[in-house]
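J.: Encoded as structure tokens, here's the structure I'll be asking about.
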Amino acid sequence: MRTLFVFAWLALGSLAGNAGALEVWLASTQSCNSCDVYERAAQARGYGRALRYADGGLTIPILTIDKGALASDVLAQLPADVGPKSKYWDKTLLVLVVEAGRVLAAGNIAESADNNELRHSQAVMFPPAAPADDDPALHDENLYTAFFTSHWNLEYFVDIALGKRPRRTAPSPIDLKSAKPAPLGPRNVILWGSAGTPLANALFIPTRIAEIRAALEGMSLGGLRFVTLYGHGPGVEGNDTSYSEDGRTRFKRADVRADYAADAAGLNSVLTGVLRADRARTLLVQVGHSGPAGAPLWGHGLTLTAADLEPIQRESGGALIMVSGACNGGQFAKAVQCGFFAAHPDVRASGCQLSPAALETSDDYLKYFFQAEAGRESEPRKRRAPPATLYDAHWYASTRLEDHELSYTTTDALIDDYFAAHPDKLPESMTVAEIRSAAPTLARAEADAAAALTAGLAPETPIPLEGYVDANHAADSKLADARELSSEERNRIIALPYKLMLPMLARRIAYAGLHVQDPDYALALSCERQTLRQFFGTTRPR
């Protein structure tokens, strides 16, 4: 598409000579992230400079146009979701069907494909135990590019313009209207192994699920209903988990007590059950993967997004707390009553190792979060520390993460919203001495974190309060081939001057110093500072 921008003004100039005839306009910018894929689809369909629309025998010119050259009267006719105010305006390829200045149809090129058909192949989803090197299950399937190249088309938009079909609504894998909602109780723990394929479903995921369940069962919280979503689910034979043996990737069926598959149908049943459970209290634990577009569904190319979870908290009479060890997990921070996430919305998390040895040496968030929750409960009564709140567990884990990691909570999301709206209130940096000075005014968990994160740093060291996401990305790029190394070895590779959680803590200190009166923040903070026992409303057995 980049080579076609030079024709934008020529295309616009040709419109007068084609008055009364249909034209297809392809409008984009230099930042278009789908134009290369469209070019492949166009070549496969033989579009060239015209669309030969068989139903009616029409030959419709195809014009390529820079979005910046679109006239104001054309922009005014665009649907809001694809118009200039859309946050994806710069990224998408916009298709318009125009007749004499009237926009008869307009939409993102991605709309032309039915993404409900976006599914992984059987060869990928049911791998052999010991695959050959060229087995499809061992290689990341180029699912999206192949699907979009074969399914994107311009005929869809012409059909809409001619009134032959309605505009397709974006598919959502979660409708919260399952005919078979999961039977939940008043206190629920949902353990969700979020992965799209057996290759992505590394040994890390079932191992952590088993550990977390054992830790919660050992806390004597009373009357918990456990529901596990994992792999193929019950009743479906087939390997669903990858692991490493003698340097080679193998597959097996994990020993997980799965109640549902981790697919769209399973999540529909479970989340519909959460929505309908009367005044229930539910802890949702995500073990596995997410990406910028949401969390993967087993066997499917669609993802679960924050928008899919938001109705539960908004419409149910209960409460939903989320703990996630997944990459980009912080995107769900405001979709639940409160949440605790291994990763900021824009960064990856560590974890998902294949070998038992790497699992043992992993400093991942879920390992430490639930260690903090269960550890204090298991201490002898005469010297038992006060029960750990969820907030305590978060900071216990966050100070032990690999140096480049950036964990996140719901209150972090609200703080980020405030500073985005009031950038003048955010200091450029704070010194280590200033952070230490503020520590006594913080809650115990943050004060302990301040001491741990500043240990060994010179008092005059400046800590920037921005740029930590870019620093994370730079460090993460150095670790591309180091997944199976220990956290200690990975920290040596990136060699950061301080843990990147320190700027995150400094932002919290800066926000606290402003004494902002935000009821949403106050509610989220109150939720975060509960113990699990308080959240579930249970009492300790005598």
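To be explicit about the labels: the chains of the structure tokens are called A, B, and onward in the order shown, and within each one the residues are counted from 1, while ligands get numbers from 1 in the order they are shown.
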Just list the residues in range 92-140 of chain A DSSP gives helix (DSSP H, G or I) on the backbone, as a list in words.
T.: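 Answer for range 92-140 of chain A, restricted to helix (DSSP H, G or I): Ile109, Ala110, Glu111, Ser112, Asn115, Asn116, Glu117, Gln122, Ala123, Val124, Met125, Pro136, Ala137 and Leu138 of chain A.
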J.: Residues within 9 Å of Ala105 in chain A, please, as a list in words. Count only C-alpha atoms; anything in the same chain fewer than 3 positions from it doesn't count.
T.: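 Final neighbour list, sorted by chain and number: Leu78, Val95, Leu96, Val97, Val98, Phe157, Val158, Asp159, Ile160, Ala161, Leu162 and Arg167 of chain A.
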J.: What residues in range 399-456 of chain A get the DSSP label strand (DSSP E or B)? Please answer as a compact mmCIF listing (two decimals) with N, CA and C atoms, in the first residue's frame.
T.:
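Written output follows (part_12.txt):
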# COMPACT_ATOMS: atom_id res chain seq x y z
N TYR A 408 1.12 -4.86 38.17
CA TYR A 408 0.08 -3.82 38.00
C TYR A 408 -1.13 -4.19 38.84
N THR A 409 -1.87 -3.17 39.26
CA THR A 409 -3.12 -3.37 39.99
C THR A 409 -4.18 -2.41 39.46
N SER A 429 11.01 13.10 38.01
CA SER A 429 11.74 12.04 38.70
C SER A 429 11.67 12.27 40.20
N MET A 430 12.06 11.25 40.96
CA MET A 430 12.24 11.35 42.40
C MET A 430 13.57 10.71 42.73
N THR A 431 14.25 11.22 43.73
CA THR A 431 15.50 10.60 44.14
C THR A 431 15.21 9.43 45.06
J.: Might you pull out every residue within 9 Å of range 523-527 of chain A, with only C-alpha atoms counted and same-chain residues fewer than 3 positions away left off, and present them as JSON, numbers by chain?
T.: {"A": [321, 337, 338, 339, 390, 391, 410, 411, 414, 518, 519, 520, 530, 535]}
J.: For all heavy atoms, I'd like the residues from the last selection saved as a compact mmCIF listing (two decimals), in the first residue's frame.
T.:
# COMPACT_ATOMS: atom_id res chain seq x y z
N ILE A 321 -12.84 -10.66 41.75
CA ILE A 321 -11.45 -10.24 41.87
C ILE A 321 -10.62 -11.12 40.94
O ILE A 321 -10.87 -12.31 40.81
CB ILE A 321 -10.94 -10.37 43.32
CG1 ILE A 321 -11.55 -9.27 44.19
CG2 ILE A 321 -9.43 -10.30 43.39
CD1 ILE A 321 -11.15 -9.34 45.65
N GLN A 337 -13.73 -5.86 40.12
CA GLN A 337 -13.78 -5.02 41.32
C GLN A 337 -12.39 -4.55 41.70
O GLN A 337 -12.16 -3.39 42.01
CB GLN A 337 -14.43 -5.79 42.47
CG GLN A 337 -14.66 -4.95 43.72
CD GLN A 337 -15.30 -5.74 44.83
OE1 GLN A 337 -14.80 -6.80 45.21
NE2 GLN A 337 -16.41 -5.24 45.35
N CYS A 338 -11.43 -5.47 41.71
CA CYS A 338 -10.02 -5.11 41.79
C CYS A 338 -9.23 -6.29 41.27
O CYS A 338 -9.72 -7.42 41.23
CB CYS A 338 -9.59 -4.73 43.21
SG CYS A 338 -9.65 -6.05 44.44
N GLY A 339 -8.00 -6.01 40.84
CA GLY A 339 -7.20 -7.06 40.24
C GLY A 339 -5.73 -6.87 40.48
O GLY A 339 -5.25 -5.76 40.74
N LEU A 390 -4.45 -9.14 50.01
CA LEU A 390 -4.12 -9.29 48.59
C LEU A 390 -3.06 -8.27 48.17
O LEU A 390 -2.18 -8.56 47.37
CB LEU A 390 -5.39 -9.12 47.76
CG LEU A 390 -6.45 -10.20 47.98
CD1 LEU A 390 -7.80 -9.75 47.46
CD2 LEU A 390 -6.04 -11.51 47.33
N TYR A 391 -3.15 -7.09 48.74
CA TYR A 391 -2.19 -6.01 48.47
C TYR A 391 -0.80 -6.40 48.97
O TYR A 391 0.21 -6.16 48.31
CB TYR A 391 -2.69 -4.76 49.18
CG TYR A 391 -2.06 -3.46 48.75
CD1 TYR A 391 -2.30 -2.95 47.49
CD2 TYR A 391 -1.28 -2.73 49.63
CE1 TYR A 391 -1.76 -1.74 47.11
CE2 TYR A 391 -0.73 -1.52 49.27
CZ TYR A 391 -0.98 -1.03 48.00
OH TYR A 391 -0.43 0.17 47.63
N THR A 410 -5.39 -2.59 39.97
CA THR A 410 -6.46 -1.68 39.58
C THR A 410 -6.16 -0.25 40.01
O THR A 410 -6.42 0.70 39.27
CB THR A 410 -7.80 -2.15 40.19
OG1 THR A 410 -8.08 -3.47 39.68
CG2 THR A 410 -8.94 -1.23 39.82
N THR A 411 -5.59 -0.07 41.21
CA THR A 411 -5.26 1.30 41.63
C THR A 411 -4.15 1.89 40.76
O THR A 411 -4.14 3.10 40.51
CB THR A 411 -4.86 1.35 43.12
OG1 THR A 411 -3.86 0.37 43.39
CG2 THR A 411 -6.06 1.11 44.01
N LEU A 414 -5.91 3.40 37.80
CA LEU A 414 -6.58 4.67 38.11
C LEU A 414 -5.56 5.79 38.31
O LEU A 414 -5.82 6.94 37.93
CB LEU A 414 -7.44 4.49 39.36
CG LEU A 414 -8.60 3.49 39.18
CD1 LEU A 414 -9.30 3.23 40.51
CD2 LEU A 414 -9.61 4.00 38.15
N ASP A 518 -10.85 10.62 44.96
CA ASP A 518 -11.44 9.84 43.87
C ASP A 518 -12.18 8.65 44.48
O ASP A 518 -11.54 7.72 44.99
CB ASP A 518 -10.35 9.36 42.91
CG ASP A 518 -10.90 8.56 41.75
OD1 ASP A 518 -12.12 8.28 41.72
OD2 ASP A 518 -10.10 8.19 40.86
N PRO A 519 -13.51 8.64 44.44
CA PRO A 519 -14.24 7.53 45.06
C PRO A 519 -13.95 6.18 44.41
O PRO A 519 -13.96 5.15 45.09
CB PRO A 519 -15.71 7.93 44.89
CG PRO A 519 -15.72 8.98 43.83
CD PRO A 519 -14.41 9.68 43.92
N ASP A 520 -13.71 6.16 43.10
CA ASP A 520 -13.37 4.90 42.44
C ASP A 520 -12.04 4.35 42.96
O ASP A 520 -11.90 3.15 43.18
CB ASP A 520 -13.29 5.10 40.92
CG ASP A 520 -14.65 5.36 40.29
OD1 ASP A 520 -15.66 4.94 40.88
OD2 ASP A 520 -14.68 6.00 39.22
N GLN A 530 -8.05 -6.21 51.21
CA GLN A 530 -8.71 -7.30 51.90
C GLN A 530 -7.79 -8.52 51.99
O GLN A 530 -6.92 -8.72 51.14
CB GLN A 530 -9.96 -7.76 51.13
CG GLN A 530 -11.04 -6.75 50.95
CD GLN A 530 -12.15 -7.33 50.09
OE1 GLN A 530 -13.12 -7.86 50.60
NE2 GLN A 530 -11.99 -7.24 48.78
N PHE A 535 -12.53 -11.37 51.88
CA PHE A 535 -13.24 -11.33 50.60
C PHE A 535 -14.30 -12.43 50.53
O PHE A 535 -15.44 -12.20 50.11
CB PHE A 535 -12.26 -11.48 49.44
CG PHE A 535 -12.92 -11.63 48.09
CD1 PHE A 535 -13.67 -10.60 47.55
CD2 PHE A 535 -12.81 -12.82 47.38
CE1 PHE A 535 -14.29 -10.74 46.32
CE2 PHE A 535 -13.43 -12.96 46.15
CZ PHE A 535 -14.17 -11.92 45.62
J.: Find the residues near His120 in chain A: any atom within 8 Å, counting only C-alpha atoms, skip ones fewer than 6 places away on the same chain, and give them as a VMD selection string.
T.: chain A and resid 141 143 197 299 to 301
J.: Using only C-alpha atoms, which of A:Arg436, A:His394, A:His404, A:Lys177 sits nearest Arg529 in chain A?
T.: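 Counting only C-alpha atoms, the residue closest to Arg529 in chain A is A:His394.
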J.: Determine, counting only C-alpha atoms, which protein, DNA and RNA residues have an atom within 8 Å of an atom of Ile62 in chain A; residues of the same chain fewer than 4 positions away are not included. Present the result as JSON, numbers by chain.
T.: {"A": [23, 24, 25, 26, 48, 49, 50, 51]}
J.: Wanna dump the range 201-256 of chain A-range 483-500 of chain A contacts at 12 Å for me, each residue with its shortest atom pair and the distance in Å to one decimal, counting only C-alpha atoms, ordered by chain and number, as a Markdown table?
T.:
| residue | atom | partner | partner_atom | distance |
| --- | --- | --- | --- | --- |
| A:Ala202 | CA | A:Glu484 | CA | 11.6 |
| A:Leu203 | CA | A:Glu484 | CA | 11.8 |
| A:Phe204 | CA | A:Glu484 | CA | 11.1 |
| A:Tyr243 | CA | A:Glu484 | CA | 11.3 |
| A:Ser244 | CA | A:Glu484 | CA | 9.8 |
| A:Gly247 | CA | A:Glu484 | CA | 10.6 |
J.: Need the shell around range 341-351 of chain A: protein/DNA/RNA residues with any atom at most 9 Å away, counting only C-alpha atoms. Skip same-chain ones fewer than 5 positions apart. Format as a PyMOL selection string?
T.: chain A and resi 204-205+288-292+322-333+359+362-366+394+397-398+401-402+405-410+413+469+472-473+476+483+487
